[in-house]
>>> print(open('work_30.cif').read())   # mmCIF, C-alpha atoms
data_final
loop_
_atom_site.group_PDB
_atom_site.id
_atom_site.type_symbol
_atom_site.label_atom_id
_atom_site.label_comp_id
_atom_site.auth_asym_id
_atom_site.auth_seq_id
_atom_site.Cartn_x
_atom_site.Cartn_y
_atom_site.Cartn_z
ATOM 1 C CA MET A 1 -21.345 -56.207 48.551
ATOM 2 C CA THR A 2 -19.813 -54.622 51.597
ATOM 3 C CA GLN A 3 -21.016 -51.263 52.927
ATOM 4 C CA GLN A 4 -17.716 -49.643 51.891
ATOM 5 C CA ALA A 5 -18.006 -50.977 48.361
ATOM 6 C CA ALA A 6 -21.569 -49.720 48.123
ATOM 7 C CA LYS A 7 -20.371 -46.233 49.154
ATOM 8 C CA GLU A 8 -17.737 -46.267 46.428
ATOM 9 C CA VAL A 9 -20.319 -47.264 43.817
ATOM 10 C CA ARG A 10 -22.618 -44.411 44.926
ATOM 11 C CA LYS A 11 -19.691 -41.953 44.787
ATOM 12 C CA ARG A 12 -18.777 -43.043 41.267
ATOM 13 C CA THR A 13 -22.398 -42.829 40.175
ATOM 14 C CA LEU A 14 -22.743 -39.340 41.682
ATOM 15 C CA PHE A 15 -19.482 -38.258 40.061
ATOM 16 C CA LYS A 16 -20.665 -39.482 36.667
ATOM 17 C CA LYS A 17 -23.962 -37.640 37.068
ATOM 18 C CA VAL A 18 -22.221 -34.394 38.060
ATOM 19 C CA LEU A 19 -19.717 -34.791 35.218
ATOM 20 C CA HIS A 20 -22.524 -35.476 32.763
ATOM 21 C CA ILE A 21 -24.394 -32.348 33.924
ATOM 22 C CA LEU A 22 -21.221 -30.234 33.688
ATOM 23 C CA LEU A 23 -20.503 -31.502 30.186
ATOM 24 C CA LYS A 24 -24.057 -30.689 29.138
ATOM 25 C CA ILE A 25 -23.715 -27.174 30.605
ATOM 26 C CA ILE A 26 -20.362 -26.654 28.850
ATOM 27 C CA ALA A 27 -21.799 -27.958 25.577
ATOM 28 C CA ALA A 28 -24.798 -25.661 25.941
ATOM 29 C CA ILE A 29 -22.507 -22.670 26.580
ATOM 30 C CA VAL A 30 -20.313 -23.544 23.580
ATOM 31 C CA ILE A 31 -23.372 -23.963 21.349
ATOM 32 C CA ALA A 32 -24.806 -20.656 22.625
ATOM 33 C CA ILE A 33 -21.497 -18.891 21.887
ATOM 34 C CA LEU A 34 -21.299 -20.427 18.419
ATOM 35 C CA LEU A 35 -24.909 -19.474 17.695
ATOM 36 C CA PHE A 36 -24.214 -15.929 18.893
ATOM 37 C CA VAL A 37 -21.080 -15.629 16.737
ATOM 38 C CA ALA A 38 -22.954 -17.086 13.763
ATOM 39 C CA SER A 39 -25.809 -14.622 14.304
ATOM 40 C CA VAL A 40 -23.416 -11.655 14.501
ATOM 41 C CA TYR A 41 -21.566 -12.866 11.389
ATOM 42 C CA THR A 42 -24.793 -13.362 9.422
ATOM 43 C CA PHE A 43 -26.233 -10.043 10.533
ATOM 44 C CA ASN A 44 -23.009 -8.301 9.480
ATOM 45 C CA LYS A 45 -23.070 -9.929 6.031
ATOM 46 C CA VAL A 46 -26.716 -9.052 5.439
ATOM 47 C CA SER A 47 -26.248 -5.504 6.711
ATOM 48 C CA THR A 48 -23.117 -4.974 4.617
ATOM 49 C CA TYR A 49 -24.959 -6.076 1.479
ATOM 50 C CA SER A 50 -27.869 -3.769 2.285
ATOM 51 C CA GLU A 51 -25.562 -0.818 2.988
ATOM 52 C CA GLN A 52 -23.684 -1.296 -0.266
ATOM 53 C CA LYS A 53 -26.934 -0.720 -2.140
ATOM 54 C CA ARG A 54 -27.632 2.445 -0.130
ATOM 55 C CA THR A 55 -24.180 3.976 -0.681
ATOM 56 C CA GLU A 56 -24.323 7.215 -2.657
ATOM 57 C CA PRO A 57 -21.154 7.803 -4.728
ATOM 58 C CA TYR A 58 -19.457 11.200 -4.621
ATOM 59 C CA GLY A 59 -16.302 12.679 -6.111
ATOM 60 C CA GLN A 60 -14.437 11.055 -8.992
ATOM 61 C CA LEU A 61 -12.190 8.042 -9.298
ATOM 62 C CA VAL A 62 -8.684 8.463 -10.672
ATOM 63 C CA SER A 63 -6.181 5.761 -11.531
ATOM 64 C CA VAL A 64 -3.262 5.577 -9.106
ATOM 65 C CA ASP A 65 -0.717 2.763 -9.122
ATOM 66 C CA GLY A 66 -3.170 0.546 -10.985
ATOM 67 C CA LYS A 67 -6.004 1.122 -8.502
ATOM 68 C CA GLN A 68 -8.825 3.631 -8.082
ATOM 69 C CA MET A 69 -8.491 6.572 -5.702
ATOM 70 C CA ASN A 70 -11.453 8.818 -4.958
ATOM 71 C CA VAL A 71 -11.040 12.594 -5.137
ATOM 72 C CA SER A 72 -13.753 15.162 -4.421
ATOM 73 C CA ILE A 73 -13.481 18.625 -5.993
ATOM 74 C CA GLN A 74 -15.823 21.455 -4.990
ATOM 75 C CA GLY A 75 -15.709 25.204 -5.550
ATOM 76 C CA LYS A 76 -14.151 27.204 -8.371
ATOM 77 C CA GLY A 77 -11.894 29.686 -6.599
ATOM 78 C CA GLU A 78 -8.573 30.712 -8.109
ATOM 79 C CA GLU A 79 -6.697 29.286 -5.106
ATOM 80 C CA THR A 80 -6.709 25.508 -4.635
ATOM 81 C CA VAL A 81 -6.763 23.858 -1.205
ATOM 82 C CA VAL A 82 -5.944 20.137 -0.963
ATOM 83 C CA LEU A 83 -7.393 18.465 2.136
ATOM 84 C CA LEU A 84 -5.919 15.282 3.642
ATOM 85 C CA PRO A 85 -7.690 13.304 6.402
ATOM 86 C CA GLY A 86 -6.653 12.032 9.803
ATOM 87 C CA TYR A 87 -6.117 8.342 10.496
ATOM 88 C CA GLY A 88 -9.215 6.178 10.216
ATOM 89 C CA THR A 89 -11.570 8.854 8.868
ATOM 90 C CA ALA A 90 -14.229 6.730 7.196
ATOM 91 C CA ALA A 91 -15.349 9.102 4.428
ATOM 92 C CA PRO A 92 -13.050 12.156 4.308
ATOM 93 C CA ALA A 93 -15.005 14.113 1.677
ATOM 94 C CA LEU A 94 -18.162 13.801 3.801
ATOM 95 C CA ASP A 95 -16.372 14.291 7.105
ATOM 96 C CA PHE A 96 -14.877 17.604 5.908
ATOM 97 C CA LYS A 97 -18.267 18.806 4.652
ATOM 98 C CA PRO A 98 -18.814 21.688 7.155
ATOM 99 C CA LEU A 99 -15.377 23.103 6.339
ATOM 100 C CA ILE A 100 -15.820 22.527 2.601
ATOM 101 C CA THR A 101 -19.127 24.423 2.749
ATOM 102 C CA GLU A 102 -17.329 27.400 4.271
ATOM 103 C CA LEU A 103 -14.328 27.279 1.918
ATOM 104 C CA SER A 104 -15.847 26.351 -1.457
ATOM 105 C CA PRO A 105 -17.306 29.809 -2.221
ATOM 106 C CA PHE A 106 -13.752 31.172 -2.169
ATOM 107 C CA TYR A 107 -11.474 28.237 -3.054
ATOM 108 C CA LYS A 108 -11.275 25.161 -5.203
ATOM 109 C CA VAL A 109 -11.370 22.514 -2.466
ATOM 110 C CA VAL A 110 -9.873 19.119 -3.290
ATOM 111 C CA VAL A 111 -10.291 16.237 -0.841
ATOM 112 C CA VAL A 112 -8.035 13.260 -1.524
ATOM 113 C CA GLU A 113 -9.216 9.970 -0.032
ATOM 114 C CA PRO A 114 -6.098 7.790 0.317
ATOM 115 C CA PHE A 115 -6.326 4.056 -0.319
ATOM 116 C CA GLY A 116 -8.472 2.398 2.344
ATOM 117 C CA TYR A 117 -10.526 5.556 2.928
ATOM 118 C CA GLY A 118 -13.937 6.614 1.657
ATOM 119 C CA LEU A 119 -14.635 5.258 -1.820
ATOM 120 C CA SER A 120 -10.991 4.549 -2.680
ATOM 121 C CA ASP A 121 -9.737 1.013 -3.239
ATOM 122 C CA GLN A 122 -7.693 -0.825 -0.664
ATOM 123 C CA THR A 123 -4.093 -1.701 -1.449
ATOM 124 C CA GLU A 124 -1.586 -4.335 -0.397
ATOM 125 C CA LYS A 125 1.267 -1.848 -0.790
ATOM 126 C CA GLU A 126 2.945 -0.982 2.515
ATOM 127 C CA ARG A 127 1.572 2.153 4.173
ATOM 128 C CA SER A 128 4.893 3.922 4.505
ATOM 129 C CA THR A 129 4.965 7.701 4.328
ATOM 130 C CA ALA A 130 6.851 7.481 1.024
ATOM 131 C CA ASN A 131 4.128 5.356 -0.597
ATOM 132 C CA ILE A 132 1.240 7.402 0.753
ATOM 133 C CA VAL A 133 2.813 10.693 -0.344
ATOM 134 C CA SER A 134 3.655 9.328 -3.796
ATOM 135 C CA GLU A 135 0.089 8.073 -4.307
ATOM 136 C CA ILE A 136 -1.510 11.354 -3.256
ATOM 137 C CA HIS A 137 0.808 13.253 -5.587
ATOM 138 C CA GLU A 138 0.022 10.901 -8.475
ATOM 139 C CA ALA A 139 -3.703 11.503 -7.945
ATOM 140 C CA LEU A 140 -3.239 15.285 -8.051
ATOM 141 C CA GLN A 141 -0.990 15.090 -11.092
ATOM 142 C CA SER A 142 -3.555 13.034 -12.991
ATOM 143 C CA LEU A 143 -6.051 15.846 -12.353
ATOM 144 C CA HIS A 144 -3.504 18.479 -13.430
ATOM 145 C CA ILE A 145 -3.496 20.040 -9.974
ATOM 146 C CA ASP A 146 0.032 21.314 -9.577
ATOM 147 C CA ARG A 147 -0.148 24.480 -7.446
ATOM 148 C CA TYR A 148 -2.034 24.415 -4.164
ATOM 149 C CA ILE A 149 -2.206 24.912 -0.422
ATOM 150 C CA LEU A 150 -1.854 21.616 1.441
ATOM 151 C CA MET A 151 -4.070 21.157 4.482
ATOM 152 C CA GLY A 152 -3.882 18.098 6.723
ATOM 153 C CA HIS A 153 -5.642 16.822 9.815
ATOM 154 C CA SER A 154 -3.955 14.742 12.503
ATOM 155 C CA ILE A 155 -1.569 12.106 11.076
ATOM 156 C CA SER A 156 -1.618 13.828 7.688
ATOM 157 C CA GLY A 157 0.631 16.367 9.379
ATOM 158 C CA ILE A 158 3.314 13.648 9.410
ATOM 159 C CA TYR A 159 2.800 12.794 5.747
ATOM 160 C CA SER A 160 2.641 16.481 4.843
ATOM 161 C CA LEU A 161 6.085 17.117 6.316
ATOM 162 C CA ASP A 162 7.488 14.719 3.756
ATOM 163 C CA TYR A 163 5.176 16.025 1.033
ATOM 164 C CA VAL A 164 6.172 19.701 1.296
ATOM 165 C CA ASN A 165 9.845 18.739 1.134
ATOM 166 C CA GLN A 166 9.308 16.417 -1.829
ATOM 167 C CA TYR A 167 7.299 18.908 -3.877
ATOM 168 C CA PRO A 168 8.316 22.431 -2.795
ATOM 169 C CA ASP A 169 7.497 23.935 -6.206
ATOM 170 C CA GLU A 170 3.876 22.808 -5.951
ATOM 171 C CA VAL A 171 2.900 23.548 -2.329
ATOM 172 C CA ARG A 172 2.245 27.240 -1.701
ATOM 173 C CA ALA A 173 1.573 26.830 2.029
ATOM 174 C CA PHE A 174 0.694 24.263 4.671
ATOM 175 C CA ILE A 175 -2.294 24.472 7.009
ATOM 176 C CA GLY A 176 -2.509 22.039 9.910
ATOM 177 C CA LEU A 177 -5.821 21.021 11.473
ATOM 178 C CA ASP A 178 -4.566 19.847 14.858
ATOM 179 C CA SER A 179 -1.906 18.055 12.847
ATOM 180 C CA SER A 180 0.365 15.467 14.438
ATOM 181 C CA VAL A 181 3.972 16.291 15.276
ATOM 182 C CA PRO A 182 6.760 13.680 14.946
ATOM 183 C CA THR A 183 7.981 14.024 18.521
ATOM 184 C CA LEU A 184 4.622 13.031 20.004
ATOM 185 C CA LYS A 185 3.937 9.425 19.055
ATOM 186 C CA GLU A 186 2.467 6.371 20.731
ATOM 187 C CA GLU A 187 4.898 4.502 22.946
ATOM 188 C CA GLN A 188 3.500 1.100 21.978
ATOM 189 C CA THR A 189 4.476 -0.299 18.595
ATOM 190 C CA ILE A 190 1.553 -1.857 16.719
ATOM 191 C CA ASP A 191 2.353 -5.049 14.847
ATOM 192 C CA SER A 192 0.580 -8.128 13.481
ATOM 193 C CA SER A 193 0.123 -9.545 16.993
ATOM 194 C CA VAL A 194 -2.247 -6.628 17.583
ATOM 195 C CA THR A 195 -3.847 -6.304 14.158
ATOM 196 C CA THR A 196 -4.518 -10.015 13.502
ATOM 197 C CA PRO A 197 -7.094 -10.353 16.331
ATOM 198 C CA ILE A 198 -8.658 -7.083 15.156
ATOM 199 C CA LYS A 199 -9.118 -8.577 11.676
ATOM 200 C CA TRP A 200 -10.937 -11.562 13.182
ATOM 201 C CA PHE A 201 -13.025 -9.179 15.289
ATOM 202 C CA ARG A 202 -13.980 -7.237 12.135
ATOM 203 C CA ASN A 203 -14.503 -10.236 9.845
ATOM 204 C CA LEU A 204 -16.910 -11.815 12.315
ATOM 205 C CA GLY A 205 -18.862 -8.555 12.447
ATOM 206 C CA PHE A 206 -18.219 -7.580 16.061
ATOM 207 C CA HIS A 207 -17.189 -4.058 15.046
ATOM 208 C CA ARG A 208 -20.900 -3.377 14.590
ATOM 209 C CA ILE A 209 -21.517 -4.132 18.251
ATOM 210 C CA GLN A 210 -18.620 -1.883 19.213
ATOM 211 C CA LEU A 211 -20.090 0.955 17.169
ATOM 212 C CA LYS A 212 -23.562 0.339 18.579
ATOM 213 C CA LEU A 213 -22.190 0.803 22.098
ATOM 214 C CA SER A 214 -20.189 3.910 21.156
ATOM 215 C CA THR A 215 -21.376 7.501 21.308
ATOM 216 C CA ASP A 216 -22.169 9.365 18.086
ATOM 217 C CA PRO A 217 -19.119 11.559 17.265
ATOM 218 C CA TYR A 218 -21.274 13.744 14.970
ATOM 219 C CA GLU A 219 -24.084 14.476 17.413
ATOM 220 C CA GLY A 220 -24.851 18.181 17.661
ATOM 221 C CA LEU A 221 -22.508 19.090 14.811
ATOM 222 C CA PRO A 222 -23.435 20.859 11.531
ATOM 223 C CA TYR A 223 -24.103 17.747 9.441
ATOM 224 C CA ASP A 224 -27.440 17.087 7.762
ATOM 225 C CA GLN A 225 -29.158 13.767 8.407
ATOM 226 C CA GLU A 226 -28.437 12.359 4.947
ATOM 227 C CA THR A 227 -24.700 13.035 5.300
ATOM 228 C CA LYS A 228 -24.640 11.486 8.761
ATOM 229 C CA GLU A 229 -26.379 8.365 7.452
ATOM 230 C CA GLN A 230 -23.844 8.039 4.642
ATOM 231 C CA ILE A 231 -20.923 8.558 7.033
ATOM 232 C CA ASP A 232 -22.434 5.880 9.260
ATOM 233 C CA ILE A 233 -22.418 3.447 6.326
ATOM 234 C CA PHE A 234 -18.798 4.252 5.488
ATOM 235 C CA ILE A 235 -17.708 3.815 9.103
ATOM 236 C CA ARG A 236 -18.990 0.244 8.972
ATOM 237 C CA LYS A 237 -17.497 -0.285 5.517
ATOM 238 C CA ASN A 238 -13.964 0.909 6.276
ATOM 239 C CA MET A 239 -13.518 0.299 9.993
ATOM 240 C CA TYR A 240 -10.447 -1.879 10.636
ATOM 241 C CA ASN A 241 -9.910 -2.639 6.962
ATOM 242 C CA ASN A 242 -6.571 -4.208 6.024
ATOM 243 C CA THR A 243 -5.144 -1.051 4.458
ATOM 244 C CA GLN A 244 -5.809 1.059 7.544
ATOM 245 C CA LEU A 245 -4.472 -1.657 9.850
ATOM 246 C CA ASN A 246 -1.295 -1.776 7.775
ATOM 247 C CA GLU A 247 -1.052 1.991 8.168
ATOM 248 C CA ALA A 248 -1.320 1.521 11.936
ATOM 249 C CA GLU A 249 1.533 -0.997 11.819
ATOM 250 C CA HIS A 250 3.718 1.596 10.039
ATOM 251 C CA MET A 251 2.700 4.478 12.263
ATOM 252 C CA ASN A 252 5.609 4.303 14.691
ATOM 253 C CA THR A 253 8.171 4.083 11.882
ATOM 254 C CA ASN A 254 6.516 6.907 9.946
ATOM 255 C CA PHE A 255 6.638 9.154 13.013
ATOM 256 C CA THR A 256 10.284 8.289 13.678
ATOM 257 C CA GLU A 257 11.319 9.051 10.106
ATOM 258 C CA ALA A 258 9.480 12.366 10.232
ATOM 259 C CA GLU A 259 11.631 13.494 13.163
ATOM 260 C CA LYS A 260 14.389 14.198 10.622
ATOM 261 C CA LEU A 261 12.139 16.604 8.720
ATOM 262 C CA SER A 262 11.042 20.197 9.208
ATOM 263 C CA PHE A 263 8.993 22.684 7.249
ATOM 264 C CA PRO A 264 11.030 24.586 4.650
ATOM 265 C CA GLN A 265 11.940 27.925 6.226
ATOM 266 C CA ASN A 266 10.193 30.011 3.570
ATOM 267 C CA LEU A 267 7.033 27.910 3.388
ATOM 268 C CA PRO A 268 4.048 29.762 4.898
ATOM 269 C CA VAL A 269 2.546 27.647 7.698
ATOM 270 C CA LEU A 270 -0.722 28.086 9.597
ATOM 271 C CA LEU A 271 -1.470 25.692 12.446
ATOM 272 C CA PHE A 272 -4.861 25.338 14.112
ATOM 273 C CA VAL A 273 -4.152 23.611 17.431
ATOM 274 C CA GLN A 274 -6.413 22.515 20.258
ATOM 275 C CA ALA A 275 -5.436 24.510 23.331
ATOM 276 C CA ASN A 276 -5.965 21.713 25.833
ATOM 277 C CA ASN A 277 -4.934 18.255 24.708
ATOM 278 C CA ALA A 278 -6.096 15.738 27.328
ATOM 279 C CA ALA A 279 -3.335 13.247 26.467
ATOM 280 C CA THR A 280 -0.266 15.501 26.785
ATOM 281 C CA ASP A 281 0.745 18.946 28.021
ATOM 282 C CA GLN A 282 3.363 19.092 25.244
ATOM 283 C CA TRP A 283 0.880 19.425 22.387
ATOM 284 C CA VAL A 284 1.113 23.212 22.120
ATOM 285 C CA PRO A 285 4.873 23.509 22.884
ATOM 286 C CA GLU A 286 5.763 20.894 20.237
ATOM 287 C CA HIS A 287 3.706 22.706 17.620
ATOM 288 C CA GLU A 288 5.463 25.923 18.563
ATOM 289 C CA LYS A 289 8.806 24.209 17.978
ATOM 290 C CA GLN A 290 7.670 23.134 14.507
ATOM 291 C CA ILE A 291 7.347 26.706 13.283
ATOM 292 C CA LYS A 292 10.008 28.505 15.337
ATOM 293 C CA ASP A 293 12.359 28.813 12.331
ATOM 294 C CA SER A 294 9.670 29.645 9.765
ATOM 295 C CA THR A 295 9.697 33.152 8.308
ATOM 296 C CA HIS A 296 5.929 33.190 7.781
ATOM 297 C CA ALA A 297 4.105 31.056 10.315
ATOM 298 C CA GLU A 298 1.249 31.388 12.752
ATOM 299 C CA MET A 299 -0.455 29.175 15.316
ATOM 300 C CA VAL A 300 -4.107 29.585 16.300
ATOM 301 C CA LEU A 301 -5.106 27.997 19.603
ATOM 302 C CA MET A 302 -8.680 26.765 19.725
ATOM 303 C CA ASP A 303 -10.951 25.740 22.562
ATOM 304 C CA ALA A 304 -12.013 22.611 20.690
ATOM 305 C CA GLY A 305 -11.417 18.886 20.411
ATOM 306 C CA HIS A 306 -9.123 17.075 18.001
ATOM 307 C CA TYR A 307 -11.706 17.269 15.195
ATOM 308 C CA LEU A 308 -11.858 21.045 15.454
ATOM 309 C CA TYR A 309 -12.869 21.491 11.805
ATOM 310 C CA ARG A 310 -16.158 19.719 12.563
ATOM 311 C CA SER A 311 -17.133 22.083 15.361
ATOM 312 C CA HIS A 312 -15.485 25.357 14.254
ATOM 313 C CA PRO A 313 -15.578 25.419 10.417
ATOM 314 C CA GLN A 314 -16.553 29.078 10.093
ATOM 315 C CA GLU A 315 -13.858 30.311 12.461
ATOM 316 C CA ILE A 316 -11.230 28.228 10.653
ATOM 317 C CA SER A 317 -12.422 29.372 7.232
ATOM 318 C CA GLU A 318 -12.258 33.063 8.186
ATOM 319 C CA LYS A 319 -8.698 32.672 9.425
ATOM 320 C CA ILE A 320 -7.663 30.763 6.297
ATOM 321 C CA LYS A 321 -9.038 33.570 4.098
ATOM 322 C CA GLU A 322 -7.049 36.106 6.089
ATOM 323 C CA PHE A 323 -3.904 33.966 5.926
ATOM 324 C CA THR A 324 -4.096 33.236 2.204
ATOM 325 C CA THR A 325 -4.754 36.891 1.354
ATOM 326 C CA GLU A 326 -1.275 37.589 2.699
ATOM 327 C CA LEU A 327 0.202 35.031 0.292
ATOM 328 C CA LYS A 328 -0.779 37.008 -2.783
#
>>> encode(input="work_30.cif", output="structure tokens")
Amino acid sequence: MTQQAAKEVRKRTLFKKVLHILLKIIAAIVIAILLFVASVYTFNKVSTYSEQKRTEPYGQLVSVDGKQMNVSIQGKGEETVVLLPGYGTAAPALDFKPLITELSPFYKVVVVEPFGYGLSDQTEKERSTANIVSEIHEALQSLHIDRYILMGHSISGIYSLDYVNQYPDEVRAFIGLDSSVPTLKEEQTIDSSVTTPIKWFRNLGFHRIQLKLSTDPYEGLPYDQETKEQIDIFIRKNMYNNTQLNEAEHMNTNFTEAEKLSFPQNLPVLLFVQANNAATDQWVPEHEKQIKDSTHAEMVLMDAGHYLYRSHPQEISEKIKEFTTELK
């Protein structure tokens, strides 16, 4: 064998060794990734099963469109307040607890948990405003609740615009808890190309890691430890579920359709609004526009975050009592 040929043989041998080592490294990495994914998936399944056994039911289930919707009723006041949650609130009846505690001595407080929230079933029905509003109304009708003040947080402000126009003889007033306005919506449209990877992320259990790395949104707020533990369970139960993801896909359309709507001129409206919204300087002006033609409307600016009812329940309750006294 010539010297040149010997060099070529050594090169090929070295190349095969390097390739073999690289393939082993790649295989080891793939196996490690698969083992990690399998561990996360298994841990999620075991934890979910354990959490289901520790879930403490609350409220009552009512039949709506062939499914079960959870409704919590507390207090025995003559005036009824119906509370609707913001998007993605894991357990609305527990999340609203500080405000309910303040209101229930004076009002009958009804928290409706739409499909996909709290203890309510999920649904395959499209999450259009029309469907959501119809379902909430059906739940209230089944409980013979037909005269009330409607109060909504965040995106429920969009649904409530439709609701108060659909059922003007039932809604005595609307109260917004930093409620969304139709003119301020996300620029990006969410569709299946966004939600499909999120479903995989959730189904494999990676949402638990996300939550583990996130800060506690209830830290330092007036929630007892038992309530916080239950909310924590419901966050893991309902986070990124199919019903809520479908609602996200309809969000842009629901906002656009709401642009055609306004509060009835004679409907009393009280808006609690955060004074300094970090995302836009139009938050306060757009809320002002919403009530400019109302004959009985008021806006209360608050030095608080978006979930202002968590941090300022007493202040909100006192103002609501003052506002509703004027309705009588």
>>> closest_residue(input="work_30.cif", among="A:Gly59, A:Gly152, A:Gly75, A:Gly66", to="A:Leu103", atoms="all atoms listed in the file")
A:Gly75
>>> resolve_selection(input="work_30.cif", expression="the PyMOL selection byres ((chain A and resi 269-277) around 7)", output="number ranges by chain")
A: 173-178, 267-268, 278-281, 283-284, 296-306
>>> resolve_selection(input="work_30.cif", expression="the PyMOL selection byres ((chain A and resi 126) around 10)", output="list in words")
Thr123, Glu124, Lys125, Arg127, Ser128, Thr129, Ala130, Asn131, Ile132, Thr243, Asn246, Glu247, Glu249 and His250 of chain A
>>> write_last_selection(input="work_30.cif", atoms="C-alpha atoms", output="PDB file, in the frame of the given file")
ATOM      1  CA  THR A 123      -4.093  -1.701  -1.449  1.00  0.00           C
ATOM      2  CA  GLU A 124      -1.586  -4.335  -0.397  1.00  0.00           C
ATOM      3  CA  LYS A 125       1.267  -1.848  -0.790  1.00  0.00           C
ATOM      4  CA  ARG A 127       1.572   2.153   4.173  1.00  0.00           C
ATOM      5  CA  SER A 128       4.893   3.922   4.505  1.00  0.00           C
ATOM      6  CA  THR A 129       4.965   7.701   4.328  1.00  0.00           C
ATOM      7  CA  ALA A 130       6.851   7.481   1.024  1.00  0.00           C
ATOM      8  CA  ASN A 131       4.128   5.356  -0.597  1.00  0.00           C
ATOM      9  CA  ILE A 132       1.240   7.402   0.753  1.00  0.00           C
ATOM     10  CA  THR A 243      -5.144  -1.051   4.458  1.00  0.00           C
ATOM     11  CA  ASN A 246      -1.295  -1.776   7.775  1.00  0.00           C
ATOM     12  CA  GLU A 247      -1.052   1.991   8.168  1.00  0.00           C
ATOM     13  CA  GLU A 249       1.533  -0.997  11.819  1.00  0.00           C
ATOM     14  CA  HIS A 250       3.718   1.596  10.039  1.00  0.00           C
TER      15      HIS A 250
END
>>> closest_residue(input="work_30.cif", among="A:Leu99, A:Val133, A:Ala139, A:Ala28", to="A:Val112", atoms="only C-alpha atoms")
A:Ala139
>>> resolve_selection(input="work_30.cif", expression="the PyMOL selection byres ((chain A and resi 70) around 8)", output="PDB file with C-alpha atoms, in the frame of the given file")
ATOM      1  CA  GLY A  59     -16.302  12.679  -6.111  1.00  0.00           C
ATOM      2  CA  GLN A  60     -14.437  11.055  -8.992  1.00  0.00           C
ATOM      3  CA  LEU A  61     -12.190   8.042  -9.298  1.00  0.00           C
ATOM      4  CA  VAL A  62      -8.684   8.463 -10.672  1.00  0.00           C
ATOM      5  CA  GLN A  68      -8.825   3.631  -8.082  1.00  0.00           C
ATOM      6  CA  MET A  69      -8.491   6.572  -5.702  1.00  0.00           C
ATOM      7  CA  VAL A  71     -11.040  12.594  -5.137  1.00  0.00           C
ATOM      8  CA  SER A  72     -13.753  15.162  -4.421  1.00  0.00           C
ATOM      9  CA  VAL A 112      -8.035  13.260  -1.524  1.00  0.00           C
ATOM     10  CA  GLU A 113      -9.216   9.970  -0.032  1.00  0.00           C
ATOM     11  CA  PRO A 114      -6.098   7.790   0.317  1.00  0.00           C
ATOM     12  CA  GLY A 118     -13.937   6.614   1.657  1.00  0.00           C
ATOM     13  CA  LEU A 119     -14.635   5.258  -1.820  1.00  0.00           C
ATOM     14  CA  SER A 120     -10.991   4.549  -2.680  1.00  0.00           C
TER      15      SER A 120
END
>>> closest_residue(input="work_30.cif", among="A:Tyr148, A:Tyr49, A:Tyr240, A:Tyr41", to="A:Thr195", atoms="all atoms listed in the file")
A:Tyr240
>>> closest_atom_pairs(input="work_30.cif", of="stretch 174-232 of chain A", to="stretch 89-92 of chain A", cutoff="10 Å", atoms="all atoms listed in the file", output="Markdown table")
| residue | atom | partner | partner_atom | distance |
| --- | --- | --- | --- | --- |
| A:Gln230 | CA | A:Ala91 | CA | 8.6 |
| A:Ile231 | CA | A:Ala91 | CA | 6.2 |
| A:Asp232 | CA | A:Ala90 | CA | 8.5 |
>>> closest_residue(input="work_30.cif", among="A:Tyr307, A:Phe263, A:Phe234, A:Tyr159", to="A:Tyr117", atoms="all atoms listed in the file")
A:Phe234
>>> residues_near_point(input="work_30.cif", point="(-26.2, 3.9, 0.6)", cutoff="9 Å", atoms="all atoms listed in the file", output="list in words")
Ser50, Glu51, Gln52, Lys53, Arg54, Thr55, Glu56, Pro57, Glu229, Gln230, Ile233 and Phe234 of chain A
>>> residues_near_point(input="work_30.cif", point="(2.5, 13.9, 10.7)", cutoff="7 Å", atoms="all atoms listed in the file", output="list of chain:residue names")
A:Ser154, A:Ile155, A:Ser156, A:Gly157, A:Ile158, A:Tyr159, A:Ser160, A:Leu161, A:Ser179, A:Ser180, A:Val181, A:Pro182, A:Phe255
>>> closest_residue(input="work_30.cif", among="A:His144, A:Lys16, A:His153, A:His312", to="A:Leu221", atoms="all atoms listed in the file")
A:His312
>>> atom_distance(input="work_30.cif", atom1="atom CA of A:Lys17", atom2="atom CA of A:Phe36")
28.3 Å
>>> atom_distance(input="work_30.cif", atom1="atom CA of A:Asn44", atom2="atom CA of A:Phe206")
8.2 Å
>>> atom_distance(input="work_30.cif", atom1="atom CA of A:Lys260", atom2="atom CA of A:Gln244")
24.3 Å
>>> axis_aligned_box(input="work_30.cif", around="stretch 235-242 of chain A", padding_each_side="5 Å", output="AutoDock Vina command-line options")
--center_x -12.8 --center_y -0.2 --center_z 8.1 --size_x 22.4 --size_y 18.0 --size_z 15.1
>>> closest_residue(input="work_30.cif", among="A:Val18, A:Met151, A:Val109, A:Leu308", to="A:Glu78", atoms="only C-alpha atoms")
A:Val109
>>> residues_around(input="work_30.cif", residues="A:Lys108", least_positions_apart="6", cutoff="6 Å", atoms="only C-alpha atoms", output="ChimeraX atom specification")
/A:74-77,80
>>> residues_around(input="work_30.cif", residues="A:Glu219", least_positions_apart="2", cutoff="12 Å", atoms="all atoms listed in the file", output="short mmCIF file (atom, residue, chain, number, x, y, z; two decimals) with C-alpha atoms, in the frame of the given file")
data_model
loop_
_atom_site.label_atom_id
_atom_site.label_comp_id
_atom_site.auth_asym_id
_atom_site.auth_seq_id
_atom_site.Cartn_x
_atom_site.Cartn_y
_atom_site.Cartn_z
CA SER A 214 -20.19 3.91 21.16
CA THR A 215 -21.38 7.50 21.31
CA ASP A 216 -22.17 9.36 18.09
CA PRO A 217 -19.12 11.56 17.26
CA LEU A 221 -22.51 19.09 14.81
CA PRO A 222 -23.44 20.86 11.53
CA TYR A 223 -24.10 17.75 9.44
CA ASP A 224 -27.44 17.09 7.76
CA GLN A 225 -29.16 13.77 8.41
CA LYS A 228 -24.64 11.49 8.76
CA GLU A 229 -26.38 8.36 7.45
CA ASP A 232 -22.43 5.88 9.26
CA ARG A 310 -16.16 19.72 12.56
CA SER A 311 -17.13 22.08 15.36
#
